Every structure is written in C-alpha cells, then in structure tokens.
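Trainee: Next up, my_file-v6.cif (mmCIF, C-alpha atoms).
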```
data_target
loop_
_atom_site.label_atom_id
_atom_site.label_comp_id
_atom_site.auth_asym_id
_atom_site.auth_seq_id
_atom_site.Cartn_x
_atom_site.Cartn_y
_atom_site.Cartn_z
CA MET A 1307 0.00 0.00 0.00
CA SER A 1308 1.42 3.36 -0.95
CA LEU A 1309 1.79 6.05 1.69
CA LYS A 1310 -0.63 8.23 -0.26
CA LYS A 1311 -3.31 5.52 -0.13
CA LEU A 1312 -2.62 5.00 3.58
CA LYS A 1313 -3.17 8.69 4.28
CA ILE A 1314 -6.36 8.78 2.16
CA LEU A 1315 -7.58 5.84 4.23
CA GLY A 1316 -6.58 7.86 7.30
CA VAL A 1317 -8.83 10.74 6.21
CA ILE A 1318 -11.77 8.39 5.65
CA ILE A 1319 -11.33 6.59 8.97
CA ALA A 1320 -10.89 9.82 10.97
CA PHE A 1321 -13.93 11.40 9.35
CA LEU A 1322 -16.15 8.36 9.94
CA VAL A 1323 -15.00 7.86 13.54
CA ALA A 1324 -15.89 11.46 14.36
CA PHE A 1325 -19.63 10.82 14.19
CA PRO A 1326 -19.94 7.99 16.72
CA LEU A 1327 -17.36 9.73 18.91
CA HIS A 1328 -19.70 12.73 19.09
CA PHE A 1329 -22.38 10.61 20.78
CA LEU A 1330 -20.16 8.29 22.82
CA TYR A 1331 -20.59 10.06 26.17
CA ASP A 1332 -24.36 10.38 25.70
CA LYS A 1333 -24.66 6.62 25.10
CA PHE A 1334 -22.10 5.52 27.70
CA PRO A 1335 -21.72 8.24 30.35
CA CYS A 1336 -18.74 7.41 32.55
CA PHE A 1337 -15.40 8.87 33.52
CA LEU A 1338 -13.51 7.32 30.59
CA THR A 1339 -15.96 8.49 27.93
CA SER A 1340 -16.07 11.96 29.51
CA ILE A 1341 -12.34 12.25 28.82
CA ILE A 1342 -12.38 11.09 25.20
CA ALA A 1343 -15.75 12.39 23.97
CA PRO A 1344 -17.63 15.67 24.31
CA VAL A 1345 -19.85 15.98 27.38
CA ASN A 1346 -21.65 19.04 26.06
CA GLU A 1347 -22.00 21.12 22.91
CA SER A 1348 -19.21 23.61 23.62
CA ILE A 1349 -16.60 24.24 20.97
CA ALA A 1350 -13.81 23.16 23.32
CA GLU A 1351 -15.42 19.82 24.12
CA HIS A 1352 -15.76 19.10 20.41
CA MET A 1353 -12.00 19.31 19.97
CA LYS A 1354 -11.93 15.87 21.61
CA ILE A 1355 -13.70 14.55 18.51
CA LEU A 1356 -11.08 15.95 16.17
CA PHE A 1357 -8.14 14.81 18.28
CA GLY A 1358 -9.60 11.38 18.99
CA SER A 1359 -10.70 10.60 15.46
CA ILE A 1360 -7.27 11.46 14.03
CA LEU A 1361 -5.58 9.49 16.79
CA PHE A 1362 -7.82 6.45 16.22
CA SER A 1363 -7.12 6.70 12.50
CA GLY A 1364 -3.41 6.67 13.32
CA VAL A 1365 -3.81 3.50 15.38
CA ILE A 1366 -5.53 1.77 12.45
CA GLN A 1367 -2.79 3.01 10.10
CA LYS A 1368 -0.12 1.67 12.47
CA ILE A 1369 -1.86 -1.74 12.49
CA ILE A 1370 -1.97 -1.77 8.68
CA VAL A 1371 1.72 -0.88 8.49
CA LYS A 1372 2.58 -3.73 10.90
CA VAL A 1373 0.30 -6.33 9.28
CA LYS A 1374 1.44 -5.52 5.75
CA ASN A 1375 5.07 -5.16 6.90
CA LEU A 1376 5.36 -1.73 5.27
CA ASP A 1377 8.50 0.30 5.80
CA TYR A 1378 6.91 3.53 7.02
CA LYS A 1379 8.41 5.15 10.09
CA ASN A 1380 6.95 7.86 12.33
CA ILE A 1381 3.34 6.68 12.02
CA CYS A 1382 2.58 7.18 15.72
CA ILE A 1383 4.34 10.50 16.24
CA SER A 1384 3.02 11.93 12.96
CA ASN A 1385 -0.57 11.20 13.92
CA VAL A 1386 -0.24 12.45 17.49
CA ILE A 1387 1.42 15.67 16.31
CA THR A 1388 -1.17 16.25 13.61
CA ALA A 1389 -4.04 15.37 15.96
CA LEU A 1390 -2.70 17.97 18.37
CA PHE A 1391 -2.13 20.62 15.71
CA SER A 1392 -5.54 19.96 14.18
CA ILE A 1393 -7.12 21.70 17.19
CA PRO A 1394 -5.64 25.18 16.61
CA ILE A 1395 -5.98 24.74 12.84
CA PHE A 1396 -9.69 24.00 13.27
CA LEU A 1397 -10.19 26.92 15.66
CA VAL A 1398 -8.42 29.39 13.36
CA ILE A 1399 -10.72 28.40 10.49
CA TYR A 1400 -13.91 27.74 12.46
CA LEU A 1401 -14.13 30.56 15.01
CA PRO A 1402 -14.36 33.46 12.52
CA VAL A 1403 -17.09 31.56 10.66
CA TYR A 1404 -18.91 30.71 13.91
CA TYR A 1405 -18.87 34.28 15.18
CA ALA A 1406 -19.89 35.64 11.77
CA ILE A 1407 -22.82 33.31 11.00
CA ASP A 1408 -23.33 31.24 14.19
CA GLU A 1409 -23.55 27.44 14.20
CA ASN A 1410 -23.98 25.88 10.78
CA LEU A 1411 -23.72 22.09 10.97
CA PRO A 1412 -22.90 21.36 7.30
CA LEU A 1413 -20.23 24.07 7.31
CA THR A 1414 -18.80 22.78 10.61
CA ILE A 1415 -18.59 19.26 9.19
CA LEU A 1416 -16.93 20.59 6.03
CA ILE A 1417 -14.36 22.51 8.07
CA MET A 1418 -13.68 19.42 10.16
CA PHE A 1419 -13.16 17.37 6.99
CA ILE A 1420 -10.77 19.99 5.59
CA VAL A 1421 -8.79 19.99 8.84
CA ILE A 1422 -8.57 16.19 8.80
CA VAL A 1423 -7.26 16.33 5.23
CA ILE A 1424 -4.70 18.98 6.23
CA SER A 1425 -3.64 16.84 9.20
CA GLN A 1426 -3.07 13.78 7.03
CA ILE A 1427 -1.06 15.82 4.52
CA ILE A 1428 1.16 17.06 7.34
CA ALA A 1429 1.45 13.49 8.67
CA TYR A 1430 2.46 12.32 5.20
CA PHE A 1431 5.45 14.66 5.20
CA ILE A 1432 6.42 13.76 8.77
CA ILE A 1433 6.39 10.08 7.80
CA LYS A 1434 8.63 10.79 4.81
CA THR A 1435 11.34 12.30 7.05
CA LYS A 1436 14.03 10.15 8.62
CA ASP A 1437 13.00 7.85 11.45
CA LEU A 1438 12.40 10.09 14.46
CA LYS A 1439 12.25 7.11 16.88
CA MET A 1440 9.61 8.83 19.01
CA GLU A 1441 6.92 6.19 19.41
CA ASN A 1442 7.10 6.31 23.22
CA VAL A 1443 7.00 10.11 23.12
CA ALA A 1444 3.89 9.89 20.92
CA ILE A 1445 2.10 7.66 23.42
CA LEU A 1446 3.11 9.89 26.34
CA LEU A 1447 1.99 13.02 24.46
CA ALA A 1448 -1.41 11.47 23.68
CA ILE A 1449 -1.86 10.55 27.35
CA ILE A 1450 -0.93 14.09 28.42
CA VAL A 1451 -3.45 15.57 25.98
CA TYR A 1452 -6.20 13.35 27.38
CA ILE A 1453 -5.23 14.33 30.93
CA VAL A 1454 -5.60 17.98 29.89
CA PHE A 1455 -8.95 17.18 28.27
CA GLY A 1456 -10.05 15.57 31.53
CA ILE A 1457 -8.97 18.54 33.63
CA LEU A 1458 -10.76 20.94 31.28
CA THR A 1459 -13.89 18.77 31.25
CA TYR A 1460 -14.16 18.70 35.02
CA ASN A 1461 -12.81 22.23 35.63
CA PRO A 1462 -13.57 24.25 32.50
CA PRO A 1463 -12.63 27.92 32.30
CA LYS A 1464 -15.69 30.14 32.23
CA THR A 1465 -15.07 31.39 28.69
CA GLU A 1466 -17.17 31.26 25.54
CA LEU A 1467 -15.04 28.46 24.10
CA PHE A 1468 -16.08 26.18 26.97
CA LYS A 1469 -19.70 27.31 27.23
CA ASP A 1470 -22.42 24.97 26.03
CA PRO A 1471 -24.62 27.23 23.88
CA LEU A 1472 -27.66 24.99 24.45
CA THR A 1473 -27.60 24.95 28.25
CA ASN A 1474 -25.36 27.94 29.05
CA THR A 1475 -23.33 25.66 31.31
CA TYR A 1476 -19.68 24.60 31.40
CA GLY A 1477 -18.22 21.10 31.56
CA LEU A 1478 -20.33 18.19 32.69
CA LYS A 1479 -24.06 18.75 32.99
CA LYS A 1480 -24.81 18.47 36.69
#
```
Rewrite the structure of this file - the entire thing - as structure tokens.
Mentor:
Amino acid sequence: MSLKKLKILGVIIAFLVAFPLHFLYDKFPCFLTSIIAPVNESIAEHMKILFGSILFSGVIQKIIVKVKNLDYKNICISNVITALFSIPIFLVIYLPVYYAIDENLPLTILIMFIVIVISQIIAYFIIKTKDLKMENVAILLAIIVYIVFGILTYNPPKTELFKDPLTNTYGLKK
C-alpha cells in the first residue's frame, strides 16, 4: 500500500470515527468516555472529537503498516502531532465563521473534513522524514493531551469556548 493511499484511508477513517465519537458520552456516560468524547455542545469539548478521530485513524494506520510489513516510520508520532495541531488549525478556520454566522452544521462538518485532510497531509510529510524514533513520546503526548482534556472537562474555564450554547453551562451537565 502506498503512503498516499494509507493517508487517504486515514482521512476516511478519521472522518467516519468522528460521528460515533460525538455521541459516545451520551450513550455511555462514565469517567472514561467523559475524557475522550464531548460531554456538552461547547466548541472546546468538540475538539476531543477531532483529536480522537485522528488518533484512532493513526492506530488503524499503524496496524496496517505492521500487518502488511510496510516500511513507514513515524506513524505514531506523525498522527499524534497532527491530531494535536488539528485543534488550533480548526479553531483558526472555524471561530471566525462561527462568530460571523453562528452554528452551521454542514459548514462545521466541512471545516472538520478539511482539517482532517490537512492533518493527514502534514502526517504524510512527517512520515517521509528520517525515522524520528519517538513512538514512546507519541504515546506519552497522547496521554498528556487526554489528561488535559479531563482537567478541562471537570474544571472548565468560564469562557465562551467552553460554554455549552444549548444549556449555558460549562463542563459536565450536573
């Protein structure tokens, strides 16, 4: 499988995983799902969807690389880095649109898709560099990001980014 095909598959997987991830906490409300899935409709909580879907896509890509014995390095670190950078990329594109025209679901989904594509393009170029030998760093970085998500879910700042526009609350619905 060519690296280009692997990254196209990565886009498809990440995009498809985003939808069930959106509803994961609603269907299975518990501590673990509150960390990896949005607990409300705030913009900040929805960044878990973007991060998690790209990360999950990276796990599937890593499995494919192992099973097919492909010689691609940096799969883990490229997907963790791009999952992390997808958050500010999304916010830079999305927030001006959101504040100009308010919530528009089709446009939000389109922006998310574009950001996933951008993330996989960046990952492609990271994979093509020399072996960074940072798989353990990638795992640690992903764990740190989820710890931060957890802290922000249970102790959200009282800012617009963390405010659920439907309930005017922050964090978990009490």
Trainee: What are the closest atom pairs, with distances in Å to one decimal, for each residue of region 1421-1450 of chain A lying within 9 Å of region 1367-1378 of chain A, using all atoms listed in the file, rows by chain and rising residue number, as JSON lines?
Mentor:
```
{"residue": "A:Ile1433", "atom": "CA", "partner": "A:Tyr1378", "partner_atom": "CA", "distance": 6.6}
{"residue": "A:Lys1434", "atom": "CA", "partner": "A:Tyr1378", "partner_atom": "CA", "distance": 7.8}
{"residue": "A:Asp1437", "atom": "CA", "partner": "A:Tyr1378", "partner_atom": "CA", "distance": 8.7}
```
Trainee: Let me know the residues the PyMOL selection byres ((chain A and resi 1432) around 9) catches in the file above, as a PDB file with C-alpha atoms, in the frame of the given file.
Mentor:
```pdb
ATOM      1  CA  LYS A1379       8.410   5.150  10.090  1.00  0.00           C
ATOM      2  CA  ASN A1380       6.950   7.860  12.330  1.00  0.00           C
ATOM      3  CA  ILE A1381       3.340   6.680  12.020  1.00  0.00           C
ATOM      4  CA  ILE A1383       4.340  10.500  16.240  1.00  0.00           C
ATOM      5  CA  SER A1384       3.020  11.930  12.960  1.00  0.00           C
ATOM      6  CA  ILE A1427      -1.060  15.820   4.520  1.00  0.00           C
ATOM      7  CA  ILE A1428       1.160  17.060   7.340  1.00  0.00           C
ATOM      8  CA  ALA A1429       1.450  13.490   8.670  1.00  0.00           C
ATOM      9  CA  TYR A1430       2.460  12.320   5.200  1.00  0.00           C
ATOM     10  CA  PHE A1431       5.450  14.660   5.200  1.00  0.00           C
ATOM     11  CA  ILE A1433       6.390  10.080   7.800  1.00  0.00           C
ATOM     12  CA  LYS A1434       8.630  10.790   4.810  1.00  0.00           C
ATOM     13  CA  THR A1435      11.340  12.300   7.050  1.00  0.00           C
ATOM     14  CA  LYS A1436      14.030  10.150   8.620  1.00  0.00           C
TER      15      LYS A1436
END
```
Trainee: Which residue out of A:Ser1363, A:Thr1339, A:Ser1425, A:Asn1474 has the minimum interatomic distance to Phe1455 (chain A) when all atoms listed in the file are used?
Mentor: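 Closest candidate: A:Thr1339.
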Trainee: When you draw a straight line from CA of Val1398 (chain A) to CA of Thr1414 (chain A), how long is it in Å?
Mentor: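 Going from CA of Val1398 (chain A) over to CA of Thr1414 (chain A) covers 12.6 Å.
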Trainee: Can you sort out the box for region 1388-1405 of chain A, edges along x, y and z, all listed atoms in, 6 Å on every side, with centre and edge lengths in Å to one decimal, as JSON?
Mentor:
```
{"center_x": -10.0, "center_y": 24.8, "center_z": 14.4, "size_x": 29.7, "size_y": 30.9, "size_z": 19.9}
```
Trainee: Take CA of Phe1329 (chain A) and CA of Ala1406 (chain A) and report the distance between them in Å, one decimal.
Mentor: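 That distance, rounded to one decimal, is 26.7 Å.
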Trainee: So how far away is CA of Lys1310 (chain A) from CA of Leu1361 (chain A), in Å?
Mentor: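 The value is 17.8 Å.
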Trainee: Please determine, counting only C-alpha atoms, which residue among A:Phe1334, A:Phe1357, A:Tyr1476, A:Tyr1400 has the shortest atom-to-atom distance to Tyr1452 (chain A).
Mentor: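 Between A:Phe1334, A:Phe1357, A:Tyr1476, A:Tyr1400, the residue approaching Tyr1452 (chain A) most closely is A:Phe1357.
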Trainee: Counting only C-alpha atoms, figure out which residue out of A:Phe1396, A:Leu1438, A:Glu1347, A:Leu1309 gets nearest to Glu1466 (chain A).
Mentor: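 Among A:Phe1396, A:Leu1438, A:Glu1347, A:Leu1309, it is A:Glu1347 that comes nearest to Glu1466 (chain A).
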Trainee: Which one of A:Met1353, A:Leu1447, A:Val1365, A:Ile1420 sits closest to Pro1394 (chain A) if you count only C-alpha atoms?
Mentor: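 Under the stated criterion, the closest residue is A:Met1353.
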Trainee: My list of candidates is A:Phe1321, A:Phe1337, A:Phe1362, A:Tyr1404. Which is closest to Cys1382 (chain A) when distances are computed with only C-alpha atoms?
Mentor: A:Phe1362
Trainee: Report as a compact mmCIF listing (two decimals) with C-alpha atoms, in the coordinates of the input all protein, DNA and RNA residues lying within 12 Å of Met1418 (chain A), evaluated on only C-alpha atoms, omitting residues in the same chain fewer than 4 positions from it.
Mentor:
```
# COMPACT_ATOMS: atom_id res chain seq x y z
CA VAL A 1317 -8.83 10.74 6.21
CA ALA A 1320 -10.89 9.82 10.97
CA PHE A 1321 -13.93 11.40 9.35
CA LEU A 1322 -16.15 8.36 9.94
CA ALA A 1324 -15.89 11.46 14.36
CA PHE A 1325 -19.63 10.82 14.19
CA HIS A 1352 -15.76 19.10 20.41
CA MET A 1353 -12.00 19.31 19.97
CA ILE A 1355 -13.70 14.55 18.51
CA LEU A 1356 -11.08 15.95 16.17
CA PHE A 1357 -8.14 14.81 18.28
CA SER A 1359 -10.70 10.60 15.46
CA ILE A 1360 -7.27 11.46 14.03
CA ALA A 1389 -4.04 15.37 15.96
CA SER A 1392 -5.54 19.96 14.18
CA ILE A 1393 -7.12 21.70 17.19
CA PRO A 1394 -5.64 25.18 16.61
CA ILE A 1395 -5.98 24.74 12.84
CA PHE A 1396 -9.69 24.00 13.27
CA LEU A 1397 -10.19 26.92 15.66
CA VAL A 1398 -8.42 29.39 13.36
CA ILE A 1399 -10.72 28.40 10.49
CA TYR A 1400 -13.91 27.74 12.46
CA LEU A 1411 -23.72 22.09 10.97
CA PRO A 1412 -22.90 21.36 7.30
CA LEU A 1413 -20.23 24.07 7.31
CA THR A 1414 -18.80 22.78 10.61
CA ILE A 1422 -8.57 16.19 8.80
CA VAL A 1423 -7.26 16.33 5.23
CA ILE A 1424 -4.70 18.98 6.23
CA SER A 1425 -3.64 16.84 9.20
```
Trainee: Can you give me, as an NGL selection string, the residues this file yields under the PyMOL selection byres ((chain A and resi 1475) around 12)?
Mentor: :A and (1345-1348 or 1459 or 1461-1474 or 1476-1480)
Trainee: Ranking A:Pro1344, A:Lys1311, A:Val1443, A:Asn1410 by minimum distance to Pro1326 (chain A) and counting only C-alpha atoms, which one comes first?
Mentor: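 Checking each candidate against Pro1326 (chain A), we get A:Pro1344 as the closest.
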